[in-house]
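J.: Contents of run.cif (mmCIF, C-alpha atoms) are given next:
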```cif
data_query
#
loop_
_atom_site.label_atom_id
_atom_site.label_comp_id
_atom_site.auth_asym_id
_atom_site.auth_seq_id
_atom_site.Cartn_x
_atom_site.Cartn_y
_atom_site.Cartn_z
CA MET A 332 -9.76 -6.15 26.20
CA LYS A 333 -7.92 -3.75 23.90
CA LEU A 334 -5.56 -4.93 21.17
CA ASP A 335 -2.31 -3.52 19.84
CA LEU A 336 -2.60 -5.32 16.50
CA LEU A 337 -5.55 -6.84 14.62
CA ALA A 338 -5.00 -8.91 11.47
CA ILE A 339 -8.01 -9.21 9.18
CA GLY A 340 -8.23 -12.03 6.63
CA PRO A 341 -10.98 -13.11 4.25
CA HIS A 342 -10.66 -16.84 5.06
CA PRO A 343 -9.29 -18.97 7.88
CA ASP A 344 -5.55 -19.57 7.15
CA ASP A 345 -4.98 -16.36 5.13
CA VAL A 346 -3.56 -14.52 8.13
CA GLU A 347 -1.23 -17.41 8.96
CA LEU A 348 0.03 -17.59 5.38
CA THR A 349 0.70 -13.88 4.95
CA SER A 350 1.41 -12.59 8.46
CA GLY A 351 1.78 -15.52 10.84
CA GLY A 352 5.42 -14.82 11.66
CA THR A 353 4.72 -11.15 12.31
CA LEU A 354 1.88 -12.02 14.70
CA ILE A 355 4.11 -14.45 16.61
CA LYS A 356 6.86 -11.84 16.80
CA MET A 357 4.47 -9.23 18.14
CA THR A 358 3.02 -11.61 20.76
CA ASP A 359 6.57 -12.55 21.78
CA ALA A 360 7.23 -8.83 22.28
CA GLY A 361 4.28 -8.62 24.68
CA TYR A 362 1.76 -6.97 22.36
CA ARG A 363 -1.89 -7.95 22.45
CA VAL A 364 -2.74 -9.42 19.06
CA GLY A 365 -6.01 -10.60 17.52
CA ILE A 366 -7.34 -12.10 14.29
CA LEU A 367 -10.61 -11.39 12.52
CA ASP A 368 -11.61 -13.89 9.82
CA LEU A 369 -14.37 -12.56 7.61
CA THR A 370 -15.70 -15.87 6.22
CA ARG A 371 -15.62 -19.55 7.16
CA GLY A 372 -14.24 -20.57 3.77
CA GLU A 373 -17.32 -22.69 3.13
CA THR A 374 -17.02 -22.72 -0.67
CA GLY A 375 -13.44 -23.99 -0.64
CA SER A 376 -12.62 -27.18 -2.49
CA ARG A 377 -11.19 -28.82 0.62
CA GLY A 378 -12.35 -29.13 4.19
CA ALA A 379 -15.76 -28.44 5.71
CA PRO A 380 -16.22 -25.03 7.39
CA GLU A 381 -16.61 -26.56 10.85
CA ILE A 382 -13.26 -28.34 10.38
CA ARG A 383 -11.57 -25.13 9.29
CA LEU A 384 -12.92 -23.33 12.34
CA ARG A 385 -11.39 -25.96 14.62
CA GLU A 386 -8.10 -25.69 12.73
CA ALA A 387 -8.22 -21.90 13.04
CA ALA A 388 -8.67 -22.16 16.81
CA ARG A 389 -5.64 -24.46 17.12
CA ALA A 390 -3.55 -22.20 14.89
CA ALA A 391 -4.51 -19.18 17.00
CA LYS A 392 -3.07 -20.87 20.08
CA MET A 393 0.16 -21.54 18.23
CA LEU A 394 0.37 -17.90 17.18
CA GLY A 395 -0.28 -16.76 20.74
CA VAL A 396 -3.08 -14.35 19.83
CA ARG A 397 -5.49 -13.12 22.51
CA VAL A 398 -8.67 -13.43 20.45
CA ARG A 399 -9.86 -14.83 17.14
CA ARG A 400 -13.27 -13.97 15.71
CA ASN A 401 -15.11 -15.12 12.60
CA LEU A 402 -17.85 -12.90 11.18
CA GLY A 403 -19.37 -15.67 9.04
CA LEU A 404 -19.75 -13.46 5.97
CA PRO A 405 -20.45 -15.31 2.69
CA ASP A 406 -17.34 -16.92 1.24
CA ALA A 407 -16.63 -16.15 -2.46
CA ARG A 408 -19.45 -13.60 -2.30
CA LEU A 409 -17.79 -11.01 -0.12
CA GLN A 410 -19.06 -7.57 -1.06
CA VAL A 411 -18.52 -3.99 0.04
CA THR A 412 -21.86 -3.34 1.70
CA ASP A 413 -22.88 -1.13 4.61
CA GLU A 414 -23.81 -4.24 6.59
CA ASN A 415 -20.38 -5.82 6.14
CA LYS A 416 -18.53 -2.58 6.91
CA LEU A 417 -20.57 -2.13 10.08
CA ALA A 418 -19.77 -5.66 11.24
CA ILE A 419 -16.02 -5.03 10.91
CA ALA A 420 -16.22 -1.52 12.33
CA ALA A 421 -17.99 -2.86 15.42
CA VAL A 422 -15.05 -5.19 16.09
CA ILE A 423 -12.60 -2.32 15.61
CA ARG A 424 -14.49 -0.19 18.14
CA GLU A 425 -14.63 -3.10 20.56
CA PHE A 426 -10.91 -3.90 20.53
CA GLU A 427 -9.43 -0.52 19.54
CA PRO A 428 -6.36 -1.95 17.76
CA ARG A 429 -3.51 0.51 17.26
CA ALA A 430 -2.50 -1.21 14.03
CA ILE A 431 -4.37 -3.24 11.42
CA ILE A 432 -3.10 -5.77 8.88
CA LEU A 433 -5.22 -6.15 5.73
CA PRO A 434 -4.81 -8.14 2.53
CA TYR A 435 -3.22 -6.27 -0.38
CA TRP A 436 -5.77 -4.37 -2.47
CA GLU A 437 -5.13 -6.40 -5.64
CA GLY A 438 -5.16 -10.18 -5.98
CA ARG A 439 -6.34 -13.33 -7.70
CA HIS A 440 -9.18 -14.08 -5.29
CA PRO A 441 -11.98 -11.48 -5.27
CA ASP A 442 -12.48 -11.95 -1.52
CA HIS A 443 -8.93 -10.76 -0.88
CA TYR A 444 -9.11 -7.38 -2.56
CA THR A 445 -12.68 -6.94 -1.35
CA ALA A 446 -11.50 -7.58 2.22
CA ALA A 447 -8.85 -4.87 1.78
CA LEU A 448 -11.45 -2.29 0.79
CA LEU A 449 -13.93 -3.44 3.42
CA GLY A 450 -11.28 -3.25 6.12
CA TYR A 451 -10.12 0.22 5.13
CA GLU A 452 -13.64 1.66 5.00
CA ALA A 453 -14.52 -0.03 8.30
CA CYS A 454 -11.47 1.59 9.92
CA PHE A 455 -12.63 4.97 8.64
CA ILE A 456 -16.25 4.80 9.75
CA ALA A 457 -15.25 3.34 13.13
CA GLY A 458 -13.72 6.73 13.88
CA LEU A 459 -16.76 8.82 12.98
CA LYS A 460 -18.31 10.22 16.14
CA ASN A 461 -21.82 10.62 14.75
CA PHE A 462 -21.93 7.41 12.72
CA PRO A 463 -24.82 5.15 13.84
CA LEU A 464 -22.68 2.46 15.41
CA ALA A 465 -22.48 1.20 18.99
CA GLY A 466 -19.40 2.00 21.02
CA ALA A 467 -17.02 4.92 21.29
CA PRO A 468 -15.46 6.21 18.07
CA PHE A 469 -12.00 4.79 17.39
CA ARG A 470 -9.71 4.67 14.39
CA PRO A 471 -6.45 2.67 14.09
CA SER A 472 -3.36 4.78 13.46
CA LYS A 473 -1.59 2.37 11.10
CA ILE A 474 -2.76 0.09 8.28
CA LEU A 475 -0.38 -2.44 6.75
CA TYR A 476 -1.23 -4.40 3.62
CA ALA A 477 0.20 -7.93 3.47
CA ALA A 478 2.14 -8.28 0.23
CA ALA A 479 2.59 -12.06 0.12
CA TYR A 480 -0.21 -12.88 -2.35
CA ALA A 481 0.56 -9.97 -4.68
CA ASP A 482 3.23 -9.28 -7.29
CA VAL A 483 4.38 -6.14 -5.52
CA ARG A 484 7.58 -4.96 -3.89
CA PRO A 485 7.01 -4.43 -0.14
CA THR A 486 7.81 -1.10 1.41
CA ILE A 487 8.62 -2.66 4.78
CA ALA A 488 9.57 -6.17 5.86
CA VAL A 489 9.54 -7.91 9.23
CA ASP A 490 12.34 -10.34 10.11
CA ILE A 491 10.60 -13.60 11.09
CA THR A 492 13.63 -15.88 11.04
CA SER A 493 13.20 -16.83 14.70
CA GLN A 494 9.44 -17.25 14.25
CA TYR A 495 9.52 -19.15 10.95
CA ALA A 496 9.29 -22.69 12.35
CA ARG A 497 6.29 -21.81 14.53
CA ARG A 498 4.64 -20.01 11.62
CA ARG A 499 5.01 -23.14 9.49
CA ARG A 500 3.49 -25.33 12.18
CA ALA A 501 0.54 -22.94 12.48
CA ILE A 502 -0.01 -23.04 8.72
CA LEU A 503 0.14 -26.83 8.59
CA THR A 504 -2.43 -27.00 11.39
CA TYR A 505 -4.88 -26.59 8.50
CA ALA A 506 -4.53 -30.25 7.58
CA SER A 507 -7.78 -30.16 5.62
CA GLN A 508 -6.15 -27.69 3.24
CA PHE A 509 -2.49 -28.64 3.05
CA ARG A 510 -2.41 -32.30 4.12
CA PRO A 511 -5.67 -33.74 2.77
CA PRO A 512 -6.21 -37.49 2.24
CA LYS A 513 -5.11 -38.68 -1.20
CA ARG A 514 -8.71 -39.27 -2.24
CA ASP A 515 -9.40 -35.55 -1.70
CA ARG A 516 -6.48 -34.52 -3.88
CA LYS A 517 -7.94 -36.02 -7.05
CA SER A 518 -9.56 -33.27 -9.03
CA ARG A 519 -9.75 -32.04 -12.57
CA VAL A 520 -9.09 -28.58 -11.18
CA VAL A 521 -5.49 -27.75 -10.33
CA LEU A 522 -5.65 -26.28 -6.84
CA PRO A 523 -3.21 -23.52 -5.86
CA LEU A 524 -3.34 -25.09 -2.38
CA ASP A 525 -1.24 -27.99 -3.65
CA GLU A 526 1.86 -25.82 -3.50
CA LEU A 527 0.76 -22.77 -1.55
CA GLU A 528 2.56 -23.49 1.73
CA GLU A 529 5.80 -24.11 -0.14
CA ARG A 530 5.31 -20.94 -2.18
CA MET A 531 4.77 -18.91 0.97
CA SER A 532 8.05 -20.27 2.35
CA LEU A 533 9.87 -19.27 -0.83
CA GLN A 534 8.24 -15.86 -0.61
CA ALA A 535 9.47 -15.48 2.96
CA ARG A 536 12.99 -16.36 1.79
CA HIS A 537 12.72 -13.74 -0.96
CA TYR A 538 11.57 -11.02 1.43
CA GLY A 539 14.32 -12.10 3.81
CA ARG A 540 16.97 -11.57 1.14
CA LEU A 541 15.66 -8.05 0.55
CA ILE A 542 16.57 -7.08 4.12
CA GLY A 543 19.54 -9.39 4.66
CA VAL A 544 17.91 -12.05 6.86
CA LEU A 545 16.79 -15.62 6.29
CA TYR A 546 12.98 -15.17 6.43
CA ALA A 547 10.73 -12.13 6.41
CA GLU A 548 7.14 -11.05 5.75
CA GLY A 549 6.52 -8.06 3.52
CA TYR A 550 3.97 -5.27 3.78
CA VAL A 551 2.96 -2.20 1.84
CA VAL A 552 2.04 1.07 3.50
CA LYS A 553 0.58 3.99 1.56
CA GLU A 554 2.06 6.78 3.64
CA VAL A 555 5.67 7.98 3.93
CA MET A 556 7.41 6.43 6.92
CA GLN A 557 9.24 8.67 9.38
CA VAL A 558 12.91 8.04 10.22
CA ASP A 559 14.57 10.01 13.02
CA ASP A 560 18.10 8.58 12.79
CA VAL A 561 19.40 8.05 9.25
CA VAL A 562 22.77 6.85 10.55
CA LYS A 563 21.29 3.80 12.30
CA MET A 564 18.82 2.78 9.60
CA PRO A 565 18.83 -1.01 9.12
CA VAL A 566 19.40 -2.86 5.80
CA ARG A 567 22.55 -2.09 3.81
CA SER A 568 22.35 -0.05 0.62
CA ILE A 569 25.50 -1.60 -0.94
#
```
Take the structure in this file and express it as structure tokens.

T.:
Amino acid sequence: MKLDLLAIGPHPDDVELTSGGTLIKMTDAGYRVGILDLTRGETGSRGAPEIRLREAARAAKMLGVRVRRNLGLPDARLQVTDENKLAIAAVIREFEPRAIILPYWEGRHPDHYTAALLGYEACFIAGLKNFPLAGAPFRPSKILYAAAYADVRPTIAVDITSQYARRRRAILTYASQFRPPKRDRKSRVVLPLDELEERMSLQARHYGRLIGVLYAEGYVVKEVMQVDDVVKMPVRSI
């Protein structure tokens, strides 16, 4: 099976939080969409990894994606190594996604910016004909970096107003993270998870205002985008 879009996240739930609405919108449009989680999130303060994997499977069904894989790389110890790049590149060659979503290349969690670099380098080596890797060479044509976790102005935004409610249900499928028992909420460490889902909703409202809709998800692309009709460009200037 070949994919049109593959979203890569360092932990289960990262893709839902940053790009869930976009994935739903693309599946609604008939595109073949997949998710690749790099780790099981085993060092997280809440939820056992086997629970998070079950939650990820349920969330994938809500998003409508065709496939969801987990590479089982070490959580909180994600590194740019040849072994890790090869593991991601093998998935890219297998599914041949036309577009890739990666985390933004700066962030609070080291796994996030490491995943951005790993994903980019994996996309590159997947297209090298003589690289020692099984499968035919293939390289995605577009890489988008999810802006939601970063303090950065997106260069493009996707209207997810119609997909917002389903995105929220997919996020809250991770009950171990966002709806834990009260006994699991007691900690001397203030967890960003305590308000993360709400913050992502506020972020979606902010991105929505930037393009004149209710909710949106923002992305950064490094290349100049082509426009063929400047008269019909969306989003008002004044």

J.: Please return, as a PyMOL selection string, all polymer residues that have at least one atom within 7 Å of the point (-6.1, -7.6, 14.6); use only C-alpha atoms and the file's own coordinate frame.

T.: chain A and resi 336-339+364-367+428+431-432

J.: Might you spell out which residues the PyMOL selection byres ((chain A and resi 545) around 6) would select in the displayed file, as a PyMOL selection string?

T.: chain A and resi 492+536+539+544+546

J.: Which residue out of A:Ala481, A:Leu354, A:Val411, A:Val566 has the minimum interatomic distance to A:Arg540 when all atoms listed in the file are used?

T.: A:Val566

J.: Could you check how far atom CA of A:Ser507 sits from atom CA of A:Ile382, in Å to one decimal?

T.: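 These two atoms are separated by 7.5 Å.
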
J.: Can you tell me which residues surround A:Glu548 at a distance of at most 12 Å, considering only C-alpha atoms, apart from same-chain residues fewer than 5 positions away, and format the answer as a ChimeraX atom specification?

T.: /A:346-356,432,475-480,484-492,494-495,498,531-542

J.: Given all atoms listed in the file as the basis, pick out the residue of A:Glu526, A:Asp413, A:Asp560, A:Glu427 nearest to A:Phe462.

T.: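 The answer is A:Asp413, which sits nearest to A:Phe462.
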
J.: Point out the residue among A:Gly372, A:Gly340, A:Gly549, A:Gly458 with the least atom-to-atom distance to A:Ala420, counting only C-alpha atoms.

T.: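 Nearest to A:Ala420: A:Gly458.
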
J.: Nearest residue to A:Ala421 out of A:Tyr550, A:Tyr505, A:Phe469, A:Tyr362, using all atoms listed in the file?

T.: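 Using all atoms listed in the file, the shortest distance to A:Ala421 belongs to A:Phe469.
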
J.: Which distance in Å separates atom CA of A:Leu417 and atom CA of A:Leu464, to one decimal?

T.: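 Separating atom CA of A:Leu417 from atom CA of A:Leu464 is a distance of 7.3 Å.
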
J.: Evaluating the PyMOL selection byres ((chain A and resi 395) around 10) on the displayed file yields which residues, as a CSV table (one decimal) with C-alpha atoms, in the frame of the given file?

T.:
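As written to disk, part.csv reads:
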```csv
chain,number,residue,atom,x,y,z
A,354,LEU,CA,1.9,-12.0,14.7
A,355,ILE,CA,4.1,-14.4,16.6
A,356,LYS,CA,6.9,-11.8,16.8
A,357,MET,CA,4.5,-9.2,18.1
A,358,THR,CA,3.0,-11.6,20.8
A,359,ASP,CA,6.6,-12.6,21.8
A,363,ARG,CA,-1.9,-8.0,22.4
A,364,VAL,CA,-2.7,-9.4,19.1
A,365,GLY,CA,-6.0,-10.6,17.5
A,390,ALA,CA,-3.6,-22.2,14.9
A,391,ALA,CA,-4.5,-19.2,17.0
A,392,LYS,CA,-3.1,-20.9,20.1
A,393,MET,CA,0.2,-21.5,18.2
A,394,LEU,CA,0.4,-17.9,17.2
A,396,VAL,CA,-3.1,-14.4,19.8
A,397,ARG,CA,-5.5,-13.1,22.5
A,398,VAL,CA,-8.7,-13.4,20.4
```

J.: So which one's closest to A:Arg385, A:Ala453, A:Leu433, A:Met556, A:Ala506? Using all atoms listed in the file, please.

T.: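 Nearest to A:Arg385: A:Ala506.
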
J.: Which of these, A:Ala457, A:Ala379, A:Ala387, A:Ile474, has the shortest distance to A:Arg399 once you count all atoms listed in the file?

T.: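 For A:Arg399, the nearest of the candidates is A:Ala387.
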
J.: Atom CA of A:Val552 and atom CA of A:Glu414 are how many Å apart?

T.: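 These atoms are spaced 26.6 Å apart.
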
J.: Report as a count of residues only the full result of the PyMOL selection byres ((chain A and resi 401) around 6) when it is applied to this structure.

T.: 6

J.: Kindly provide, as AutoDock Vina command-line options, the centre and edge lengths (Å, one decimal) of an axis-aligned box around all atoms of stretch 549-558 of chain A given in the file, with 5 Å on each side.

T.:
```
--center_x 6.7 --center_y 0.3 --center_z 5.9 --size_x 22.3 --size_y 26.7 --size_z 18.7
```

J.: Quick one: residues within 9 Å of A:Leu449, all atoms listed in the file counted, chain neighbours fewer than 5 positions away excluded, as a PyMOL selection string?

T.: chain A and resi 410-412+415-416+419+444+454
